[in-house]
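Raw contents of structure_39.txt, compact mmCIF, C-alpha atoms:
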```
# COMPACT_ATOMS: atom_id res chain seq x y z
CA MET A 253 64.42 102.47 102.57
CA GLN A 254 65.36 105.25 100.24
CA GLN A 255 65.72 104.61 96.59
CA ILE A 256 69.23 104.44 95.22
CA SER A 257 69.69 106.45 92.06
CA LEU A 258 70.04 104.69 88.72
CA VAL A 259 73.33 104.07 86.96
CA THR A 260 74.94 107.29 85.74
CA PRO A 261 76.41 107.47 82.19
CA GLU A 262 79.82 108.08 83.79
CA PHE A 263 79.61 104.88 85.82
CA ALA A 264 78.24 102.96 82.83
CA ALA A 265 81.34 103.99 80.85
CA ARG A 266 83.61 102.78 83.65
CA ARG A 267 81.74 99.50 83.86
CA ALA A 268 82.13 99.00 80.09
CA LEU A 269 85.87 99.73 80.31
CA ARG A 270 86.23 97.15 83.03
CA ALA A 271 84.13 94.58 81.18
CA ASN A 272 86.37 94.88 78.12
CA SER A 273 89.60 94.67 80.09
CA GLN A 274 92.20 92.02 79.27
CA CYS A 275 92.92 91.46 82.95
CA PRO A 276 89.61 90.98 84.82
CA HIS A 277 91.42 89.07 87.58
CA LEU A 278 93.44 92.19 88.52
CA TRP A 279 90.28 94.28 88.78
CA SER A 280 88.84 91.59 91.08
CA VAL A 281 91.91 91.76 93.31
CA LEU A 282 91.39 95.53 93.61
CA ASP A 283 87.79 94.96 94.72
CA ASN A 284 89.39 94.22 98.08
CA VAL A 285 90.97 97.66 98.36
CA PHE A 286 88.83 100.09 100.33
CA ASP A 287 88.98 103.82 100.77
CA PRO A 288 90.72 104.42 104.13
CA GLU A 289 88.24 107.16 105.06
CA LEU A 290 85.17 105.18 103.95
CA PRO A 291 85.98 101.68 105.15
CA HIS A 292 83.08 99.94 103.37
CA VAL A 293 83.44 101.55 99.96
CA THR A 294 85.98 100.10 97.53
CA ILE A 295 88.16 102.29 95.35
CA TRP A 296 86.30 100.83 92.37
CA ASP A 297 82.90 101.83 93.78
CA LEU A 298 84.14 105.29 94.72
CA GLY A 299 85.38 105.95 91.19
CA ILE A 300 89.01 106.53 92.21
CA LEU A 301 90.14 103.46 90.26
CA VAL A 302 90.40 104.56 86.64
CA ASP A 303 92.14 101.72 84.80
CA VAL A 304 94.28 98.61 85.18
CA HIS A 305 96.83 97.41 82.62
CA SER A 306 98.58 94.07 82.78
CA LEU A 307 102.09 94.57 81.33
CA ASP A 308 103.23 90.95 81.67
CA SER A 309 102.72 88.13 84.16
CA SER A 310 104.62 89.91 86.92
CA ARG A 311 104.03 93.59 86.15
CA CYS A 312 101.01 95.86 85.98
CA LYS A 313 100.06 99.51 85.98
CA VAL A 314 97.12 100.94 87.93
CA VAL A 315 95.69 104.39 87.21
CA VAL A 316 93.93 106.29 89.99
CA SER A 317 92.33 109.73 90.18
CA PRO A 318 92.24 111.52 93.57
CA THR A 319 88.94 112.86 94.87
CA TYR A 320 90.31 116.24 95.99
CA SER A 321 93.68 117.91 95.22
CA GLY A 322 94.74 117.75 98.83
CA CYS A 323 93.26 114.33 99.61
CA PRO A 324 95.75 112.84 102.10
CA ALA A 325 94.33 109.34 101.53
CA ILE A 326 95.79 108.96 98.05
CA ASP A 327 99.22 107.84 99.35
CA VAL A 328 97.66 105.20 101.59
CA ILE A 329 95.44 104.05 98.72
CA SER A 330 98.50 103.65 96.46
CA GLU A 331 100.23 101.55 99.13
CA ASP A 332 97.12 99.41 99.59
CA ILE A 333 96.90 98.81 95.83
CA VAL A 334 100.52 97.71 95.65
CA SER A 335 100.21 95.39 98.62
CA ALA A 336 96.95 93.81 97.37
CA LEU A 337 98.46 93.06 93.97
CA ASN A 338 101.74 91.86 95.48
CA SER A 339 99.79 89.37 97.59
CA ALA A 340 98.03 88.20 94.43
CA GLY A 341 101.42 87.43 92.83
CA VAL A 342 102.01 90.57 90.78
CA GLN A 343 105.51 91.59 91.78
CA GLN A 344 105.91 94.97 90.14
CA VAL A 345 103.05 97.43 90.46
CA GLU A 346 103.17 100.96 89.16
CA VAL A 347 100.48 103.34 90.45
CA ALA A 348 99.96 106.39 88.24
CA VAL A 349 97.88 109.38 89.34
CA SER A 350 95.74 110.84 86.58
CA LEU A 351 93.68 114.02 86.71
CA LYS A 352 91.65 113.12 83.66
CA PRO A 353 88.77 112.72 83.93
CA ALA A 354 88.62 114.98 86.97
CA TRP A 355 87.05 112.83 89.68
CA ASN A 356 83.40 113.58 90.36
CA THR A 357 80.53 111.97 92.22
CA ASP A 358 78.86 110.73 89.00
CA LEU A 359 81.69 108.18 88.79
CA ILE A 360 80.49 106.47 91.99
CA SER A 361 78.72 103.13 91.49
CA PRO A 362 75.22 102.40 92.81
CA ALA A 363 76.81 99.81 95.11
CA GLY A 364 79.12 102.51 96.45
CA LYS A 365 76.16 104.77 97.23
CA ALA A 366 74.34 101.90 98.90
CA ALA A 367 77.42 101.17 101.03
CA MET A 368 77.58 104.81 102.14
CA LEU A 369 73.92 104.77 103.13
CA LYS A 370 74.46 101.60 105.13
CA GLN A 371 77.22 103.38 107.05
CA GLY A 372 74.97 106.32 107.88
CA ILE A 373 76.38 108.62 105.22
CA ALA A 374 73.90 110.31 102.87
CA PRO A 375 75.22 109.62 99.37
CA PRO A 376 75.58 112.38 96.77
CA ASP A 377 72.17 112.95 95.24
CA LYS A 378 69.76 115.65 94.20
CA SER A 379 68.25 115.83 97.68
CA VAL A 380 69.96 115.12 100.98
CA ASN A 381 67.85 112.63 102.93
CA CYS A 382 68.50 111.49 106.48
CA PRO A 383 70.26 108.10 106.27
CA LEU A 384 68.53 107.01 109.51
CA CYS A 385 64.86 107.93 109.16
CA GLY A 386 64.76 108.81 105.46
CA SER A 387 63.33 112.28 106.02
CA GLY A 388 64.11 114.88 103.37
CA HIS A 389 63.70 117.59 106.00
CA THR A 390 67.41 118.21 106.67
CA SER A 391 69.71 121.20 107.11
CA VAL A 392 73.43 121.80 106.73
CA ILE A 393 75.53 122.26 109.87
CA SER A 394 78.89 122.70 108.14
CA GLN A 395 79.93 122.59 104.50
CA PHE A 396 82.96 120.53 105.47
CA GLY A 397 82.61 117.35 107.51
CA SER A 398 85.11 114.83 108.82
CA THR A 399 86.89 114.77 105.44
CA ALA A 400 87.05 117.14 102.46
CA CYS A 401 84.53 115.02 100.54
CA LYS A 402 81.82 115.21 103.20
CA ALA A 403 79.57 117.90 104.64
CA LEU A 404 77.88 117.77 108.03
CA TYR A 405 74.06 117.75 108.11
CA ARG A 406 71.31 117.43 110.68
CA CYS A 407 67.93 115.75 110.31
CA ASN A 408 65.20 118.17 111.38
CA ASP A 409 62.79 115.30 112.12
CA CYS A 410 64.82 112.71 114.05
CA LEU A 411 67.46 115.31 115.03
CA GLU A 412 70.41 113.05 114.23
CA PRO A 413 73.52 114.71 112.80
CA PHE A 414 75.01 112.85 109.82
CA ASP A 415 77.68 113.06 107.14
CA HIS A 416 76.69 113.81 103.55
CA PHE A 417 79.01 112.81 100.73
CA LYS A 418 79.03 116.04 98.72
CA GLU A 419 77.75 116.23 95.19
CA PHE A 420 80.86 117.28 93.29
CA MET B 192 116.02 124.40 80.97
CA ASN B 193 116.28 124.11 77.24
CA ASN B 194 114.50 127.13 75.86
CA LEU B 195 112.84 130.43 76.57
CA SER B 196 109.24 129.23 76.55
CA ASN B 197 110.08 126.49 79.05
CA ASN B 198 111.70 129.13 81.21
CA ALA B 199 108.54 131.25 81.09
CA LEU B 200 106.36 128.22 81.84
CA TYR B 201 108.54 127.37 84.84
CA HIS B 202 108.17 130.88 86.29
CA TYR B 203 104.45 130.90 85.58
CA LEU B 204 103.99 127.59 87.39
CA ILE B 205 106.15 128.65 90.32
CA GLY B 206 104.02 131.78 90.80
CA MET B 207 100.83 129.74 90.99
CA ALA B 208 102.47 127.10 93.19
CA ASP B 209 103.76 129.75 95.62
CA ASP B 210 100.31 131.39 95.76
CA ALA B 211 98.76 128.05 96.69
CA LEU B 212 101.41 126.96 99.17
CA VAL B 213 101.63 130.25 101.05
CA LEU B 214 97.86 130.56 101.41
CA GLY B 215 97.56 126.88 102.33
CA GLN B 216 100.26 127.18 104.99
CA ARG B 217 98.77 130.41 106.33
CA THR B 218 95.24 128.97 106.48
CA SER B 219 96.50 125.82 108.18
CA GLU B 220 97.49 128.01 111.15
CA TRP B 221 93.77 128.09 111.96
CA CYS B 222 93.84 124.35 112.64
CA SER B 223 92.81 123.87 116.32
CA ARG B 224 92.14 127.63 116.62
CA GLY B 225 88.88 127.86 114.63
CA PRO B 226 85.94 129.62 116.28
CA PHE B 227 84.08 126.29 116.60
CA LEU B 228 84.73 122.70 115.66
CA GLU B 229 82.98 122.56 112.29
CA GLU B 230 84.59 125.79 111.15
CA ASP B 231 87.97 124.55 112.34
CA ILE B 232 87.54 121.49 110.12
CA ALA B 233 86.39 123.60 107.19
CA LEU B 234 89.43 125.89 107.45
CA SER B 235 91.75 122.89 107.60
CA ASN B 236 90.08 121.33 104.58
CA VAL B 237 90.46 124.49 102.53
CA ALA B 238 94.12 124.67 103.57
CA LEU B 239 94.58 121.08 102.46
CA ASP B 240 93.06 121.79 99.03
CA TYR B 241 95.59 124.59 98.56
CA VAL B 242 98.55 122.48 99.64
CA GLY B 243 97.38 119.78 97.21
CA ARG B 244 97.17 122.37 94.45
CA ALA B 245 100.68 123.59 95.29
CA ARG B 246 102.01 120.04 94.99
CA MET B 247 100.59 119.66 91.48
CA PHE B 248 102.06 122.98 90.32
CA TYR B 249 105.48 122.38 91.94
CA GLN B 250 105.71 118.88 90.54
CA TYR B 251 104.93 120.16 87.08
CA ALA B 252 107.40 123.05 87.49
CA ALA B 253 110.10 120.59 88.56
CA ASP B 254 109.41 118.46 85.46
CA VAL B 255 109.56 121.51 83.20
CA GLU B 256 112.78 122.71 84.81
CA GLY B 257 114.34 119.31 84.13
CA LEU B 258 117.15 119.63 86.67
CA GLY B 259 115.98 116.72 88.77
CA ARG B 260 114.60 118.87 91.57
CA THR B 261 111.47 117.61 93.35
CA GLU B 262 108.30 119.36 94.50
CA ASP B 263 109.65 119.26 98.07
CA GLU B 264 112.92 120.91 97.11
CA LEU B 265 111.03 123.74 95.44
CA ALA B 266 108.87 124.21 98.52
CA TYR B 267 111.52 123.86 101.21
CA PHE B 268 114.81 125.00 99.73
CA ARG B 269 114.03 128.31 98.12
CA ASP B 270 114.47 131.57 100.03
CA GLU B 271 112.00 134.35 100.64
CA ARG B 272 113.15 136.46 97.69
CA GLU B 273 112.66 133.50 95.34
CA PHE B 274 108.98 133.17 96.29
CA THR B 275 106.72 134.99 93.84
CA ASN B 276 103.33 134.70 95.55
CA LEU B 277 100.82 137.52 95.82
CA LEU B 278 101.26 139.64 98.94
CA ILE B 279 97.63 139.17 100.00
CA ASN B 280 98.29 135.44 100.45
CA GLU B 281 101.10 135.93 102.95
CA LEU B 282 99.42 138.44 105.28
CA PRO B 283 98.82 137.05 108.78
CA ASN B 284 95.37 135.68 109.63
CA PHE B 285 94.62 138.42 112.21
CA ASP B 286 91.01 137.64 113.14
CA PHE B 287 88.37 135.38 111.58
CA ALA B 288 86.83 138.31 109.69
CA PHE B 289 90.16 139.16 108.08
CA SER B 290 90.79 135.55 107.02
CA MET B 291 87.29 135.21 105.57
CA VAL B 292 87.39 138.47 103.61
CA ARG B 293 90.77 137.50 102.16
CA GLN B 294 89.45 134.04 101.30
CA TYR B 295 86.37 135.55 99.69
CA PHE B 296 88.40 137.99 97.54
CA LEU B 297 90.71 135.17 96.46
CA ASP B 298 87.88 132.68 95.88
CA VAL B 299 86.06 135.01 93.50
CA ASN B 300 89.30 135.50 91.58
CA ALA B 301 90.20 131.79 91.65
CA CYS B 302 86.83 130.78 90.18
CA LEU B 303 87.20 133.25 87.30
CA TYR B 304 90.88 132.45 86.75
CA LEU B 305 90.74 128.66 86.92
CA GLU B 306 87.68 128.54 84.68
CA LYS B 307 89.78 130.24 81.98
CA LEU B 308 92.88 128.20 82.78
CA SER B 309 90.90 124.99 82.29
CA LEU B 310 90.83 125.98 78.60
CA SER B 311 94.62 126.36 78.45
CA SER B 312 96.39 124.87 75.43
CA ASP B 313 98.74 123.22 77.92
CA GLN B 314 96.95 119.94 78.64
CA HIS B 315 98.38 119.29 82.08
CA LEU B 316 97.63 122.83 83.24
CA SER B 317 94.07 122.55 81.96
CA GLU B 318 93.63 119.29 83.89
CA ILE B 319 94.92 120.81 87.14
CA ALA B 320 92.65 123.84 86.66
CA ALA B 321 89.58 121.70 85.88
CA LYS B 322 90.09 119.90 89.18
CA ALA B 323 90.90 122.98 91.24
CA VAL B 324 88.03 125.13 89.95
CA LYS B 325 85.47 122.75 91.41
CA GLU B 326 87.11 123.07 94.81
CA SER B 327 87.25 126.85 94.56
CA ARG B 328 83.54 127.04 93.71
CA TYR B 329 82.87 125.15 96.90
CA HIS B 330 85.23 127.39 98.89
CA LEU B 331 83.42 130.44 97.50
CA LYS B 332 80.04 129.18 98.68
CA ARG B 333 81.36 129.16 102.21
CA SER B 334 83.42 132.38 102.18
CA ARG B 335 80.55 134.27 100.54
CA THR B 336 78.13 132.97 103.17
CA TRP B 337 80.41 134.25 105.93
CA LEU B 338 80.84 137.62 104.20
CA VAL B 339 77.08 138.15 104.12
CA GLN B 340 76.35 136.59 107.51
CA LEU B 341 79.00 138.55 109.40
CA GLY B 342 78.38 141.73 107.42
CA GLN B 343 74.67 141.57 108.26
CA GLY B 344 75.34 140.24 111.76
CA THR B 345 76.01 142.27 114.87
CA GLU B 346 77.52 145.72 115.08
CA GLU B 347 80.80 144.14 116.15
CA SER B 348 80.90 141.55 113.33
CA ASN B 349 80.04 144.24 110.79
CA ARG B 350 82.79 146.51 112.14
CA ARG B 351 85.38 143.73 111.92
CA MET B 352 84.39 142.78 108.38
CA GLN B 353 84.54 146.41 107.26
CA SER B 354 87.96 146.93 108.78
CA ALA B 355 89.19 143.72 107.07
CA ILE B 356 87.90 144.98 103.71
CA ASP B 357 89.57 148.37 104.25
CA GLU B 358 92.83 146.70 105.21
CA LEU B 359 92.85 144.22 102.32
CA TRP B 360 91.52 146.37 99.53
CA GLY B 361 94.87 147.80 98.50
CA TYR B 362 96.29 144.30 98.07
CA THR B 363 93.69 143.21 95.52
CA PRO B 364 95.00 145.04 92.40
CA GLU B 365 98.06 142.78 92.43
CA MET B 366 95.82 139.87 91.41
CA PHE B 367 95.38 141.46 87.99
CA ILE B 368 98.98 142.29 87.14
CA MET B 369 100.58 140.21 84.40
CA THR B 370 104.15 139.04 84.85
CA GLU B 371 106.54 138.92 81.92
CA ALA B 372 106.31 135.14 81.90
CA GLU B 373 102.52 135.18 81.86
CA ALA B 374 102.40 137.76 79.08
CA SER B 375 104.79 135.76 76.93
CA LEU B 376 102.63 132.64 77.30
CA LEU B 377 99.45 134.40 76.20
CA ALA B 378 100.15 134.12 72.48
CA THR B 379 100.17 130.33 72.67
CA GLN B 380 97.08 130.35 74.93
CA VAL B 381 98.92 128.66 77.76
CA SER B 382 98.30 131.41 80.33
CA VAL B 383 95.29 133.56 81.20
CA ASP B 384 95.05 137.34 80.83
CA ARG B 385 94.48 138.50 84.40
CA LYS B 386 93.50 141.99 83.27
CA ASP B 387 90.42 140.55 81.56
CA LEU B 388 89.10 139.31 84.88
CA GLN B 389 89.29 142.53 86.84
CA GLN B 390 85.99 144.01 85.72
CA GLN B 391 83.98 140.90 86.50
CA TRP B 392 85.77 140.46 89.81
CA SER B 393 84.95 144.06 90.82
CA ALA B 394 81.32 143.72 89.76
CA THR B 395 80.81 140.49 91.73
CA VAL B 396 82.61 141.73 94.82
CA THR B 397 80.83 145.09 94.80
CA ALA B 398 77.41 143.41 94.62
CA ASP B 399 78.20 140.91 97.39
CA VAL B 400 79.78 143.52 99.66
CA GLN B 401 76.70 145.72 99.29
CA GLU B 402 74.42 142.79 100.06
CA ALA B 403 76.45 142.27 103.23
CA ASN B 404 75.77 145.86 104.37
CA LEU B 405 79.42 146.68 103.88
CA GLN B 406 81.20 149.31 101.81
CA ILE B 407 83.86 149.19 99.13
CA PRO B 408 86.54 151.63 100.31
CA ASP B 409 87.23 154.62 98.12
CA GLN B 410 90.92 154.77 98.94
CA GLN B 411 93.24 154.42 95.98
CA TRP B 412 96.40 153.02 97.57
CA GLN B 413 97.83 149.72 96.44
CA VAL B 414 100.75 147.49 97.38
CA VAL B 415 102.47 145.24 94.85
CA GLY B 416 105.79 143.41 94.55
CA GLY B 417 105.13 139.80 95.50
CA ARG B 418 105.58 138.57 91.95
CA ASP B 419 109.06 140.17 91.92
CA GLY B 420 110.03 138.60 95.23
CA ASP B 421 109.54 141.82 97.20
CA HIS B 422 107.59 140.67 100.23
CA SER B 423 106.13 141.98 103.44
CA GLU B 424 107.88 141.14 106.71
CA HIS B 425 105.39 138.28 107.19
CA LEU B 426 106.55 135.83 104.53
CA GLY B 427 109.97 135.21 106.06
CA HIS B 428 108.40 134.13 109.34
CA LEU B 429 105.95 131.84 107.57
CA LEU B 430 108.74 130.19 105.57
CA ALA B 431 110.91 129.83 108.65
CA HIS B 432 108.16 127.84 110.37
CA MET B 433 107.45 125.78 107.29
CA GLN B 434 111.01 125.08 106.17
CA ILE B 435 112.96 124.64 109.39
CA LEU B 436 112.62 120.87 109.64
CA GLN B 437 113.80 120.18 106.09
CA ARG B 438 116.57 122.76 106.36
CA SER B 439 117.80 121.24 109.63
CA TYR B 440 117.45 117.63 108.49
CA PRO B 441 117.49 117.65 104.67
CA GLY B 442 115.54 114.76 103.15
CA LEU B 443 113.86 113.86 106.43
CA GLU B 444 110.73 111.74 105.95
CA TRP B 445 107.88 110.97 108.30
```

Written as structure tokens, how would this file's structure read?
Amino acid sequence: MQQISLVTPEFAARRALRANSQCPHLWSVLDNVFDPELPHVTIWDLGILVDVHSLDSSRCKVVVSPTYSGCPAIDVISEDIVSALNSAGVQQVEVAVSLKPAWNTDLISPAGKAAMLKQGIAPPDKSVNCPLCGSGHTSVISQFGSTACKALYRCNDCLEPFDHFKEF
Amino acid sequence: MNNLSNNALYHYLIGMADDALVLGQRTSEWCSRGPFLEEDIALSNVALDYVGRARMFYQYAADVEGLGRTEDELAYFRDEREFTNLLINELPNFDFAFSMVRQYFLDVNACLYLEKLSLSSDQHLSEIAAKAVKESRYHLKRSRTWLVQLGQGTEESNRRMQSAIDELWGYTPEMFIMTEAEASLLATQVSVDRKDLQQQWSATVTADVQEANLQIPDQQWQVVGGRDGDHSEHLGHLLAHMQILQRSYPGLEW
């Protein structure tokens, strides 16, 4: 198994923000919201979830940052956030889109990278290793894969094509 | 709109939004017509980045205007003469070589421009630029690769790339012309001086074009007017395709 990279300073800062939050239960609810294009990676692990504010017992505000300007998933993600929190008893949910900090792959959690690897997607890292056989002997097929955030690679040893979540 | 500087900001934002939307719409025409599957996906992804960029600029322009218009109204309910995009963005795709050379010329400029714009004194603009510049750097990697690969490729690919360069060259000076709105926003460091970028753009492009076994044309002609709403015959057709649904059924939603 390949080694998963250590915690980045960017993720450590997010983790600290969450740990100091006044509404840990709302963050936990959002741990059940997944990226529609990466069905095993939560919006928290992917770094899209920036902050959660509880306004009162029935209202809250969620701040998200899109991966790419044209990411079509952001509307679905907003709907999923609202419906998850509604089901948890929060009636009014405001989802705000923030561009600061600009989303980047250093915001992704180690668990998020592990989940990508498990799905056969090479996570963003210094070197692109084959998620199937672990070989570092890989080459790019196309700089854009099935979504804007992925590139298409091929393993030169086991010959499998695979998605690589781009370092960004 | 309450004052002159807001008016200038609105026009500045609309220019950048129109640039992004028109190129995004034009590039999206490649969807399902790319030379092979991976390239088809890449073209569609680039188009999507530009449409996303347009949305951010239009939304901000609508907020600045303060008349309650939305991003969609700015995109769908303005006429050809109200669009102030660069002419190079509206030209048809022609062949793959033409689309790639255009993309390459624009990518080099976008990287230089957005880098500067990310230092804008206008916080929201600087945030949009900081996001967009990372995408443009990625676009440039790909368009530059194609420039070199096709330029150094076969006799036919080289010929097509050279004819695209010759055709497009006269449209590039427009990228470095300052509008009145842009000039008036320079003093407060909101906008970017396009003229400052021309030298670096030319140096980069000249080096890359030479590496690709291609030549910079020595012709001196140039076409301008997009920023004043004077367009080629091609923009009207593009807008007709893009706007017809909203014009026929205003407010229609998917």

Find the residues in chain A near chain B: any atom within 6 Å counts, using only C-alpha atoms. Write them as a list of chain:residue names.
->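 That gives A:Ser321, A:Gly322, A:Leu351, A:Ala354, A:Ser394, A:Phe396, A:Ala400 for chain A.
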
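Between CA of Ser312 (chain B) and CA of Leu195 (chain B) the interatomic distance comes to 17.4 Å.
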
Neighbour list for Glu419 (chain A) as a PyMOL selection string, cut-off 10 Å, all atoms listed in the file, skip fewer than 5 positions in-chain | chain A and resi 356-358+375-380+401-403

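The two atoms in question, CA of Asp286 (chain B) and CA of Glu347 (chain B), are spaced 12.5 Å apart.
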
Name the residues in contact with region 295-299 of chain A at a cut-off of 8 Å, using all atoms listed in the file, excluding same-chain residues fewer than 3 positions from it; report them as a ChimeraX atom specification.
-> /A:263,282-283,285-287,302,317,355-357,359-364

Counting all atoms listed in the file, figure out which residue out of A:Leu411, A:Glu262, A:Cys323, A:Val347 gets nearest to Val304 (chain A).
->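 Residue with the minimum atom-to-atom distance to Val304 (chain A): A:Val347.
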